[in-house]
Amino acid sequence: MGQNFILPDLGEGLTEAEIVSWLVAVGDTIAIDQPVIEVESSKSIVELPSPYGGVVEALIGDVGQVVHAGQVILTVTDTVAPSAGTPTPPPSPAPPAPDSGADSGADSGADSSVAPAGSASGAVLVGYGTSENTRPVRRPAQGRFGIRSSAAQPAAVTPATPATPPRVAPTPRSGRSPVVSPLVRRLARENGFDATTLQGSGPDALVLRRDVESYIRDRAAAAAETAVAAPVAAPASAFVAPVAAPVAAPPAAPEAAMKPEDIRIPISGLRKVVSERMTTSRREIPEATVWLDVDATELFAARDRLLAATGERFSVTALIARFTVAGLRRYPLLNSSVDTASQEILQHGAVNLGIAAQTPRGLMVPVVHGAHALTTRQLWDSIAGLVGQAADGAFPPAALSGGTFTLNNFGALGVDGSAAIINHPEAAILGIGRMIERPWVVNHELAVRTVVELSLVFDHRVCDGGTAAGFLTFVAACIESPVSLLADL
């Protein structure tokens with residue numbers, strides 16, 4: 001009897017996810033709690049374990065498809081259908097009553113791979129209980145995007161194949177085939193045809209990515225063979241009088257090259273969440289921006305002195321984060337959010353500092369929780385850990401929530417300033433531009449100094465310009481003279 005694995009509640013109000021890869025295939029034998037699918041929600045990429053053990057009967061959903069909580073994504077059956085190529089042995093006489101002390105040698109060998117009864121799921125998904133595993137375990141080879149490794153496939157004898165005749169581009173079918181994946185649709189559209197016109201190789205003629213890629217390859221091969229055969233024409237008679245050949249017009253450019261097609265990119269996953277949050281921020285928050293050029297020469301000198309004293313090279317971002325936390329303790333209104341339901345300003349006691357990061361998945365803001373209670377070294381270690389995770393964007397959901405103030409070092413992108421959008425529902429965001437050498441007046445003389453532009457975007461419902469300017473000039477003073485912060489530590 002088949003059991004359906006439905007997409008569980010992913011927590012934190014997440015109701016949908018995109019399939020990144022399947023970790024099993026139809027016919028595989030899986031165990032309870034074995035990861036079977038990798039999905040990407042708006043917060044992170046996670047592997048989901050199966051609450052059932054058995055043989056995979058169906059995978060419901062293609063890579064790139066968005067599935068919703070409560071939707072069936074996989075079916076597992078408890079029985080293994082006999083192979084079509086394996087003859088069924090004739091029925092044997094009923095054996096005598098089994099002896100509790102021993103089994104036959106053949107039976108013990110056949111059952112050696114079966115998991116012991118009573119093994120139950122240790123990880124309970126929302127909506128599932130635990131059950132016993134009665135199936136043998138075989139973890140299939142898997143890849144990042146559901147591609148099974150060739151090394152894990154059993155070796156097969158390849159028969160000799162005759163010479164391949166010239167390839168002919170396949171003819172699209174006249175009807176419409178189902179296409180689920182937006183990636184497949186886009187790939188076909190970029191190559192000038194509709195994926196629904198192909199004959200799909202998936203269940204119920206479903207068009208898969210390999211069908212589109214195969215059609216593109218065959219079409220290109222057919223076009224190449226046509227181009228090679230075109231110069232070979234029927235030989236003209238030697239006695240035919242020559243005729244002046246008309247000047248041939250240059251071949252017309254392909255229509256696709258003359259008119260590039262538009263591309264539709266779905267707003268889904270992380271991009272959808274970012275879009276909604278930015279839209280909400282612009283719609284609800286009456287923001288204002290103040291900025292200031294700051295001489296950061298002494299900041300670099302202080303970092304060099306720290307290196308000489310401790311042997312550790314603190315990052316400039318970590319040092320400015322230290323100044324930012326101190327500034328928020330002095331101007332706590334900027335560490336707030338607005339409760340529109342009760343028409344109240346909620347001033348947060350803890351400083352949970354968000355660090356804006358550009359990742360392969362897009363813009364993400366991981367949070368250093370309890371930054372107000374950390375030393376400069378602990379704050380540096382925390383930020384360094386977030387930077388390391390930003391390389392692949394694999395942040396756990398807890399690391400992306402609970403922020404009360406955001407620090408955005410967009411200078412790493414090579415720009416001086418930006419009127420950033422506040423990370424709703426926070427009340428402010430501090431931006432750091434690139435640090436470059438500029439002419440600067442020091443003691444009435446012109447000098448070359450390292451200068452950075454700071455910009456603060458704040459919610460004008462929470463505070464007025466005096467508070468914002470006070471915070472910004474405090475952070476600027478700490479950058480220009482780091483020793484001035486000692487009085488507040």
# chains A, B, ... in the order shown; residues from 1 in each chain; ligands from 1

call {"tool": "residues_around", "arguments": {"residues": "segment 258-275 of chain A", "least_positions_apart": "4", "cutoff": "12 Å", "atoms": "only C-alpha atoms", "output": "VMD selection string"}}
result
chain A and resid 14 to 20 39 to 45 64 to 67 181 to 183 185 to 193 252 to 254 279 to 282 359 to 365 393 400 421 to 424

call {"tool": "select_by_dssp", "arguments": {"residues": "segment 271-471 of chain A", "states": "strand (DSSP E or B)", "output": "PDB file with N, CA and C atoms, in the first residue's frame"}}
result
ATOM      1  N   GLU A 287      11.077  57.655   5.129  1.00  0.00           N
ATOM      2  CA  GLU A 287      12.501  57.625   5.429  1.00  0.00           C
ATOM      3  C   GLU A 287      13.174  58.943   5.061  1.00  0.00           C
ATOM      4  N   ALA A 288      14.270  59.209   5.738  1.00  0.00           N
ATOM      5  CA  ALA A 288      15.111  60.364   5.448  1.00  0.00           C
ATOM      6  C   ALA A 288      16.562  59.913   5.525  1.00  0.00           C
ATOM      7  N   THR A 289      17.446  60.637   4.836  1.00  0.00           N
ATOM      8  CA  THR A 289      18.846  60.235   4.753  1.00  0.00           C
ATOM      9  C   THR A 289      19.760  61.394   5.133  1.00  0.00           C
ATOM     10  N   VAL A 290      20.767  61.085   5.950  1.00  0.00           N
ATOM     11  CA  VAL A 290      21.842  62.031   6.247  1.00  0.00           C
ATOM     12  C   VAL A 290      23.168  61.325   5.954  1.00  0.00           C
ATOM     13  N   TRP A 291      24.157  62.088   5.514  1.00  0.00           N
ATOM     14  CA  TRP A 291      25.448  61.477   5.192  1.00  0.00           C
ATOM     15  C   TRP A 291      26.583  62.401   5.589  1.00  0.00           C
ATOM     16  N   LEU A 292      27.788  61.803   5.656  1.00  0.00           N
ATOM     17  CA  LEU A 292      28.929  62.544   6.178  1.00  0.00           C
ATOM     18  C   LEU A 292      30.218  61.904   5.655  1.00  0.00           C
ATOM     19  N   ASP A 293      31.163  62.741   5.177  1.00  0.00           N
ATOM     20  CA  ASP A 293      32.499  62.257   4.806  1.00  0.00           C
ATOM     21  C   ASP A 293      33.374  62.241   6.052  1.00  0.00           C
ATOM     22  N   VAL A 294      34.104  61.150   6.231  1.00  0.00           N
ATOM     23  CA  VAL A 294      34.858  60.941   7.465  1.00  0.00           C
ATOM     24  C   VAL A 294      36.300  60.581   7.130  1.00  0.00           C
ATOM     25  N   ASP A 295      37.246  61.153   7.886  1.00  0.00           N
ATOM     26  CA  ASP A 295      38.663  60.815   7.766  1.00  0.00           C
ATOM     27  C   ASP A 295      38.921  59.541   8.565  1.00  0.00           C
ATOM     28  N   SER A 336      14.885  50.613  17.170  1.00  0.00           N
ATOM     29  CA  SER A 336      13.448  50.467  17.432  1.00  0.00           C
ATOM     30  C   SER A 336      12.736  49.949  16.194  1.00  0.00           C
ATOM     31  N   SER A 337      11.453  49.714  16.383  1.00  0.00           N
ATOM     32  CA  SER A 337      10.537  49.416  15.278  1.00  0.00           C
ATOM     33  C   SER A 337       9.180  50.004  15.630  1.00  0.00           C
ATOM     34  N   VAL A 338       8.338  50.176  14.626  1.00  0.00           N
ATOM     35  CA  VAL A 338       7.025  50.791  14.827  1.00  0.00           C
ATOM     36  C   VAL A 338       5.950  49.712  14.800  1.00  0.00           C
ATOM     37  N   ASP A 339       5.153  49.657  15.847  1.00  0.00           N
ATOM     38  CA  ASP A 339       4.002  48.760  15.911  1.00  0.00           C
ATOM     39  C   ASP A 339       2.801  49.533  15.381  1.00  0.00           C
ATOM     40  N   GLU A 344       2.525  52.387  18.406  1.00  0.00           N
ATOM     41  CA  GLU A 344       3.557  52.552  19.409  1.00  0.00           C
ATOM     42  C   GLU A 344       4.934  52.344  18.785  1.00  0.00           C
ATOM     43  N   ILE A 345       5.940  52.992  19.361  1.00  0.00           N
ATOM     44  CA  ILE A 345       7.327  52.752  18.995  1.00  0.00           C
ATOM     45  C   ILE A 345       7.883  51.725  19.975  1.00  0.00           C
ATOM     46  N   LEU A 346       8.345  50.598  19.457  1.00  0.00           N
ATOM     47  CA  LEU A 346       8.894  49.533  20.289  1.00  0.00           C
ATOM     48  C   LEU A 346      10.413  49.676  20.309  1.00  0.00           C
ATOM     49  N   GLN A 347      10.935  50.185  21.422  1.00  0.00           N
ATOM     50  CA  GLN A 347      12.381  50.363  21.573  1.00  0.00           C
ATOM     51  C   GLN A 347      12.962  49.066  22.134  1.00  0.00           C
ATOM     52  N   LEU A 353      22.389  43.033  15.594  1.00  0.00           N
ATOM     53  CA  LEU A 353      22.966  43.775  14.469  1.00  0.00           C
ATOM     54  C   LEU A 353      22.939  42.944  13.188  1.00  0.00           C
ATOM     55  N   GLY A 354      22.184  43.414  12.193  1.00  0.00           N
ATOM     56  CA  GLY A 354      22.156  42.752  10.891  1.00  0.00           C
ATOM     57  C   GLY A 354      23.320  43.226  10.028  1.00  0.00           C
ATOM     58  N   ILE A 355      23.910  42.294   9.290  1.00  0.00           N
ATOM     59  CA  ILE A 355      25.023  42.600   8.387  1.00  0.00           C
ATOM     60  C   ILE A 355      24.565  42.273   6.966  1.00  0.00           C
ATOM     61  N   ALA A 357      24.599  41.285   3.293  1.00  0.00           N
ATOM     62  CA  ALA A 357      25.588  40.482   2.577  1.00  0.00           C
ATOM     63  C   ALA A 357      25.053  40.113   1.202  1.00  0.00           C
ATOM     64  N   GLN A 358      25.909  40.258   0.184  1.00  0.00           N
ATOM     65  CA  GLN A 358      25.560  39.825  -1.169  1.00  0.00           C
ATOM     66  C   GLN A 358      26.007  38.388  -1.327  1.00  0.00           C
ATOM     67  N   THR A 359      25.066  37.471  -1.560  1.00  0.00           N
ATOM     68  CA  THR A 359      25.367  36.044  -1.654  1.00  0.00           C
ATOM     69  C   THR A 359      24.951  35.528  -3.029  1.00  0.00           C
ATOM     70  N   GLY A 362      21.397  35.960  -3.535  1.00  0.00           N
ATOM     71  CA  GLY A 362      20.872  37.318  -3.550  1.00  0.00           C
ATOM     72  C   GLY A 362      21.214  38.036  -2.258  1.00  0.00           C
ATOM     73  N   LEU A 363      20.579  39.198  -2.044  1.00  0.00           N
ATOM     74  CA  LEU A 363      20.829  39.999  -0.851  1.00  0.00           C
ATOM     75  C   LEU A 363      20.220  39.325   0.374  1.00  0.00           C
ATOM     76  N   MET A 364      21.057  39.113   1.387  1.00  0.00           N
ATOM     77  CA  MET A 364      20.600  38.513   2.635  1.00  0.00           C
ATOM     78  C   MET A 364      21.158  39.333   3.794  1.00  0.00           C
ATOM     79  N   VAL A 367      22.097  37.990  11.066  1.00  0.00           N
ATOM     80  CA  VAL A 367      22.032  38.818  12.272  1.00  0.00           C
ATOM     81  C   VAL A 367      23.012  38.315  13.330  1.00  0.00           C
ATOM     82  N   VAL A 368      23.746  39.248  13.942  1.00  0.00           N
ATOM     83  CA  VAL A 368      24.541  38.962  15.136  1.00  0.00           C
ATOM     84  C   VAL A 368      23.653  39.287  16.337  1.00  0.00           C
ATOM     85  N   PHE A 405      18.755  46.472  13.805  1.00  0.00           N
ATOM     86  CA  PHE A 405      19.474  47.546  13.118  1.00  0.00           C
ATOM     87  C   PHE A 405      20.399  46.880  12.114  1.00  0.00           C
ATOM     88  N   THR A 406      20.589  47.508  10.927  1.00  0.00           N
ATOM     89  CA  THR A 406      21.383  46.892   9.874  1.00  0.00           C
ATOM     90  C   THR A 406      22.587  47.759   9.526  1.00  0.00           C
ATOM     91  N   LEU A 407      23.723  47.081   9.329  1.00  0.00           N
ATOM     92  CA  LEU A 407      24.957  47.717   8.872  1.00  0.00           C
ATOM     93  C   LEU A 407      25.230  47.206   7.458  1.00  0.00           C
ATOM     94  N   ASN A 408      25.385  48.136   6.519  1.00  0.00           N
ATOM     95  CA  ASN A 408      25.531  47.766   5.110  1.00  0.00           C
ATOM     96  C   ASN A 408      26.848  48.331   4.570  1.00  0.00           C
ATOM     97  N   GLU A 426      12.714  47.369  10.841  1.00  0.00           N
ATOM     98  CA  GLU A 426      13.692  48.155  11.585  1.00  0.00           C
ATOM     99  C   GLU A 426      13.475  49.651  11.332  1.00  0.00           C
ATOM    100  N   ALA A 428      16.279  51.962  11.056  1.00  0.00           N
ATOM    101  CA  ALA A 428      17.410  52.663  10.448  1.00  0.00           C
ATOM    102  C   ALA A 428      18.398  51.651   9.867  1.00  0.00           C
ATOM    103  N   ILE A 429      19.254  52.169   8.953  1.00  0.00           N
ATOM    104  CA  ILE A 429      20.313  51.376   8.355  1.00  0.00           C
ATOM    105  C   ILE A 429      21.502  52.295   8.115  1.00  0.00           C
ATOM    106  N   LEU A 430      22.691  51.847   8.512  1.00  0.00           N
ATOM    107  CA  LEU A 430      23.910  52.629   8.351  1.00  0.00           C
ATOM    108  C   LEU A 430      24.716  52.058   7.195  1.00  0.00           C
ATOM    109  N   GLY A 431      25.066  52.918   6.235  1.00  0.00           N
ATOM    110  CA  GLY A 431      25.826  52.489   5.068  1.00  0.00           C
ATOM    111  C   GLY A 431      27.267  52.964   5.131  1.00  0.00           C
ATOM    112  N   ILE A 432      28.188  52.110   4.670  1.00  0.00           N
ATOM    113  CA  ILE A 432      29.620  52.426   4.633  1.00  0.00           C
ATOM    114  C   ILE A 432      30.061  52.391   3.182  1.00  0.00           C
ATOM    115  N   ILE A 436      38.884  55.435   0.208  1.00  0.00           N
ATOM    116  CA  ILE A 436      39.899  55.790  -0.782  1.00  0.00           C
ATOM    117  C   ILE A 436      40.681  57.014  -0.299  1.00  0.00           C
ATOM    118  N   GLU A 437      41.853  57.168  -0.854  1.00  0.00           N
ATOM    119  CA  GLU A 437      42.676  58.320  -0.501  1.00  0.00           C
ATOM    120  C   GLU A 437      42.181  59.562  -1.245  1.00  0.00           C
ATOM    121  N   ARG A 438      42.030  60.654  -0.471  1.00  0.00           N
ATOM    122  CA  ARG A 438      41.556  61.912  -1.036  1.00  0.00           C
ATOM    123  C   ARG A 438      42.333  63.069  -0.405  1.00  0.00           C
ATOM    124  N   PRO A 439      42.366  64.209  -1.079  1.00  0.00           N
ATOM    125  CA  PRO A 439      42.959  65.394  -0.430  1.00  0.00           C
ATOM    126  C   PRO A 439      42.076  65.854   0.720  1.00  0.00           C
ATOM    127  N   TRP A 440      42.708  66.196   1.839  1.00  0.00           N
ATOM    128  CA  TRP A 440      41.958  66.519   3.062  1.00  0.00           C
ATOM    129  C   TRP A 440      42.736  67.591   3.831  1.00  0.00           C
ATOM    130  N   VAL A 441      42.030  68.511   4.396  1.00  0.00           N
ATOM    131  CA  VAL A 441      42.683  69.582   5.151  1.00  0.00           C
ATOM    132  C   VAL A 441      42.895  69.124   6.588  1.00  0.00           C
ATOM    133  N   VAL A 442      44.178  69.112   7.025  1.00  0.00           N
ATOM    134  CA  VAL A 442      44.544  68.734   8.385  1.00  0.00           C
ATOM    135  C   VAL A 442      45.407  69.858   8.965  1.00  0.00           C
ATOM    136  N   GLU A 445      46.423  72.560   6.605  1.00  0.00           N
ATOM    137  CA  GLU A 445      47.295  72.154   5.509  1.00  0.00           C
ATOM    138  C   GLU A 445      46.651  71.029   4.724  1.00  0.00           C
ATOM    139  N   LEU A 446      46.951  70.979   3.455  1.00  0.00           N
ATOM    140  CA  LEU A 446      46.401  69.937   2.592  1.00  0.00           C
ATOM    141  C   LEU A 446      47.214  68.654   2.745  1.00  0.00           C
ATOM    142  N   ALA A 447      46.514  67.547   2.951  1.00  0.00           N
ATOM    143  CA  ALA A 447      47.176  66.253   3.125  1.00  0.00           C
ATOM    144  C   ALA A 447      46.368  65.179   2.408  1.00  0.00           C
ATOM    145  N   VAL A 448      47.002  64.031   2.191  1.00  0.00           N
ATOM    146  CA  VAL A 448      46.321  62.882   1.588  1.00  0.00           C
ATOM    147  C   VAL A 448      45.856  61.977   2.721  1.00  0.00           C
ATOM    148  N   ARG A 449      44.567  61.760   2.806  1.00  0.00           N
ATOM    149  CA  ARG A 449      43.990  60.965   3.895  1.00  0.00           C
ATOM    150  C   ARG A 449      43.063  59.898   3.323  1.00  0.00           C
ATOM    151  N   THR A 450      42.815  58.855   4.114  1.00  0.00           N
ATOM    152  CA  THR A 450      41.847  57.811   3.749  1.00  0.00           C
ATOM    153  C   THR A 450      40.460  58.254   4.200  1.00  0.00           C
ATOM    154  N   VAL A 451      39.564  58.429   3.244  1.00  0.00           N
ATOM    155  CA  VAL A 451      38.253  59.025   3.522  1.00  0.00           C
ATOM    156  C   VAL A 451      37.146  58.021   3.165  1.00  0.00           C
ATOM    157  N   VAL A 452      36.105  58.005   3.977  1.00  0.00           N
ATOM    158  CA  VAL A 452      34.945  57.140   3.746  1.00  0.00           C
ATOM    159  C   VAL A 452      33.684  57.968   3.927  1.00  0.00           C
ATOM    160  N   GLU A 453      32.669  57.649   3.160  1.00  0.00           N
ATOM    161  CA  GLU A 453      31.373  58.315   3.305  1.00  0.00           C
ATOM    162  C   GLU A 453      30.429  57.405   4.068  1.00  0.00           C
ATOM    163  N   LEU A 454      29.855  57.937   5.151  1.00  0.00           N
ATOM    164  CA  LEU A 454      28.829  57.241   5.916  1.00  0.00           C
ATOM    165  C   LEU A 454      27.471  57.831   5.573  1.00  0.00           C
ATOM    166  N   SER A 455      26.468  56.974   5.448  1.00  0.00           N
ATOM    167  CA  SER A 455      25.099  57.451   5.195  1.00  0.00           C
ATOM    168  C   SER A 455      24.143  56.714   6.114  1.00  0.00           C
ATOM    169  N   LEU A 456      23.252  57.458   6.738  1.00  0.00           N
ATOM    170  CA  LEU A 456      22.256  56.881   7.646  1.00  0.00           C
ATOM    171  C   LEU A 456      20.866  57.170   7.104  1.00  0.00           C
ATOM    172  N   VAL A 457      20.112  56.106   6.845  1.00  0.00           N
ATOM    173  CA  VAL A 457      18.709  56.220   6.443  1.00  0.00           C
ATOM    174  C   VAL A 457      17.872  55.838   7.661  1.00  0.00           C
ATOM    175  N   PHE A 458      16.926  56.697   8.058  1.00  0.00           N
ATOM    176  CA  PHE A 458      16.165  56.447   9.282  1.00  0.00           C
ATOM    177  C   PHE A 458      14.684  56.691   9.064  1.00  0.00           C
ATOM    178  N   ASP A 459      13.889  56.098   9.928  1.00  0.00           N
ATOM    179  CA  ASP A 459      12.430  56.226   9.908  1.00  0.00           C
ATOM    180  C   ASP A 459      12.063  57.513  10.651  1.00  0.00           C
TER     181      ASP A 459
END

call {"tool": "closest_residue", "arguments": {"among": "A:Val325, A:Ala419, A:Ala223, A:Ala399", "to": "Leu379 of chain A", "atoms": "only C-alpha atoms"}}
result
A:Val325

call {"tool": "atom_distance", "arguments": {"atom1": "atom CA of His68 of chain A", "atom2": "atom CA of Ala195 of chain A"}}
result
24.5 Å

call {"tool": "closest_residue", "arguments": {"among": "A:Ala69, A:Asp62, A:Glu225, A:Gly327", "to": "Val184 of chain A", "atoms": "only C-alpha atoms"}}
result
A:Asp62

call {"tool": "residues_around", "arguments": {"residues": "Ile37 of chain A", "least_positions_apart": "5", "cutoff": "12 Å", "atoms": "only C-alpha atoms", "output": "PyMOL selection string"}}
result
chain A and resi 5-7+17-25+45-50+59-63+67+73-74+142-146

call {"tool": "write_last_selection", "arguments": {"atoms": "N, CA, C and O atoms", "output": "short mmCIF file (atom, residue, chain, number, x, y, z; two decimals), in the first residue's frame"}}
result
data_model
loop_
_atom_site.label_atom_id
_atom_site.label_comp_id
_atom_site.auth_asym_id
_atom_site.auth_seq_id
_atom_site.Cartn_x
_atom_site.Cartn_y
_atom_site.Cartn_z
N PHE A 5 4.05 11.23 1.05
CA PHE A 5 4.87 12.18 1.82
C PHE A 5 4.47 13.57 1.35
O PHE A 5 4.69 13.94 0.21
N ILE A 6 3.85 14.33 2.26
CA ILE A 6 3.42 15.69 1.92
C ILE A 6 4.47 16.68 2.40
O ILE A 6 5.20 16.41 3.36
N LEU A 7 4.58 17.81 1.71
CA LEU A 7 5.52 18.84 2.12
C LEU A 7 5.10 19.37 3.48
O LEU A 7 4.00 19.88 3.65
N ALA A 17 7.97 26.28 -1.17
CA ALA A 17 9.41 26.10 -1.40
C ALA A 17 9.60 25.64 -2.84
O ALA A 17 8.69 25.10 -3.47
N GLU A 18 10.80 25.86 -3.36
CA GLU A 18 11.14 25.45 -4.71
C GLU A 18 12.03 24.21 -4.66
O GLU A 18 12.97 24.13 -3.86
N ILE A 19 11.73 23.23 -5.51
CA ILE A 19 12.52 22.00 -5.54
C ILE A 19 13.87 22.30 -6.18
O ILE A 19 13.95 22.75 -7.31
N VAL A 20 14.94 22.05 -5.41
CA VAL A 20 16.30 22.24 -5.91
C VAL A 20 16.81 20.95 -6.54
O VAL A 20 17.39 20.97 -7.63
N SER A 21 16.60 19.82 -5.89
CA SER A 21 17.04 18.55 -6.45
C SER A 21 16.32 17.41 -5.73
O SER A 21 15.92 17.52 -4.58
N TRP A 22 16.19 16.31 -6.46
CA TRP A 22 15.72 15.06 -5.87
C TRP A 22 16.94 14.24 -5.47
O TRP A 22 17.88 14.10 -6.26
N LEU A 23 16.93 13.71 -4.28
CA LEU A 23 18.04 12.90 -3.79
C LEU A 23 17.80 11.41 -3.96
O LEU A 23 18.67 10.60 -3.61
N VAL A 24 16.63 11.04 -4.49
CA VAL A 24 16.30 9.65 -4.77
C VAL A 24 15.64 9.58 -6.14
O VAL A 24 15.29 10.61 -6.72
N ALA A 25 15.46 8.37 -6.63
CA ALA A 25 14.79 8.16 -7.92
C ALA A 25 13.71 7.10 -7.75
O ALA A 25 13.70 6.34 -6.77
N ILE A 45 18.14 26.76 2.19
CA ILE A 45 18.04 25.51 1.43
C ILE A 45 18.16 24.36 2.42
O ILE A 45 19.11 24.31 3.21
N VAL A 46 17.19 23.45 2.43
CA VAL A 46 17.17 22.36 3.41
C VAL A 46 16.90 21.03 2.71
O VAL A 46 16.29 20.99 1.63
N GLU A 47 17.38 19.95 3.33
CA GLU A 47 17.05 18.61 2.90
C GLU A 47 15.95 18.07 3.79
O GLU A 47 16.01 18.21 5.02
N LEU A 48 14.92 17.47 3.18
CA LEU A 48 13.80 16.95 3.95
C LEU A 48 13.89 15.44 4.02
O LEU A 48 14.07 14.77 3.00
N PRO A 49 13.78 14.86 5.24
CA PRO A 49 13.81 13.40 5.37
C PRO A 49 12.43 12.80 5.17
O PRO A 49 11.40 13.44 5.45
N SER A 50 12.40 11.57 4.71
CA SER A 50 11.13 10.88 4.51
C SER A 50 10.65 10.29 5.82
O SER A 50 11.42 9.66 6.54
N LEU A 59 7.75 10.38 -7.88
CA LEU A 59 8.25 11.70 -7.49
C LEU A 59 7.33 12.73 -8.12
O LEU A 59 7.23 12.81 -9.35
N ILE A 60 6.66 13.50 -7.30
CA ILE A 60 5.63 14.41 -7.79
C ILE A 60 6.19 15.82 -7.73
O ILE A 60 6.16 16.48 -6.69
N GLY A 61 6.72 16.28 -8.83
CA GLY A 61 7.32 17.61 -8.89
C GLY A 61 8.66 17.56 -9.58
O GLY A 61 9.44 16.61 -9.42
N ASP A 62 8.93 18.57 -10.39
CA ASP A 62 10.17 18.64 -11.16
C ASP A 62 11.09 19.68 -10.52
O ASP A 62 10.65 20.55 -9.77
N VAL A 63 12.37 19.57 -10.82
CA VAL A 63 13.34 20.55 -10.33
C VAL A 63 12.96 21.94 -10.85
O VAL A 63 12.67 22.12 -12.03
N VAL A 67 6.41 24.11 -4.76
CA VAL A 67 5.43 23.25 -4.11
C VAL A 67 4.99 23.93 -2.81
O VAL A 67 5.72 24.74 -2.23
N ILE A 73 4.44 15.20 -2.42
CA ILE A 73 5.62 15.33 -3.27
C ILE A 73 6.29 14.00 -3.56
O ILE A 73 7.11 13.90 -4.48
N LEU A 74 5.92 12.94 -2.82
CA LEU A 74 6.57 11.64 -3.04
C LEU A 74 5.65 10.55 -2.51
O LEU A 74 4.96 10.73 -1.50
N GLN A 142 23.93 10.62 -5.42
CA GLN A 142 23.19 11.84 -5.64
C GLN A 142 24.13 12.98 -5.94
O GLN A 142 25.31 12.92 -5.67
N GLY A 143 23.58 14.03 -6.53
CA GLY A 143 24.37 15.20 -6.87
C GLY A 143 23.66 16.45 -6.38
O GLY A 143 22.54 16.39 -5.87
N ARG A 144 24.30 17.57 -6.55
CA ARG A 144 23.76 18.83 -6.03
C ARG A 144 22.42 19.18 -6.66
O ARG A 144 21.54 19.70 -6.01
N PHE A 145 22.25 18.85 -7.93
CA PHE A 145 21.01 19.22 -8.61
C PHE A 145 20.24 17.98 -9.07
O PHE A 145 19.63 17.96 -10.11
N GLY A 146 20.34 16.88 -8.30
CA GLY A 146 19.56 15.70 -8.61
C GLY A 146 20.15 14.84 -9.68
O GLY A 146 19.52 13.90 -10.14
#

call {"tool": "select_by_dssp", "arguments": {"residues": "segment 259-319 of chain A", "states": "helix (DSSP H, G or I)", "output": "VMD selection string"}}
result
chain A and resid 269 to 284 297 to 310 316 to 319
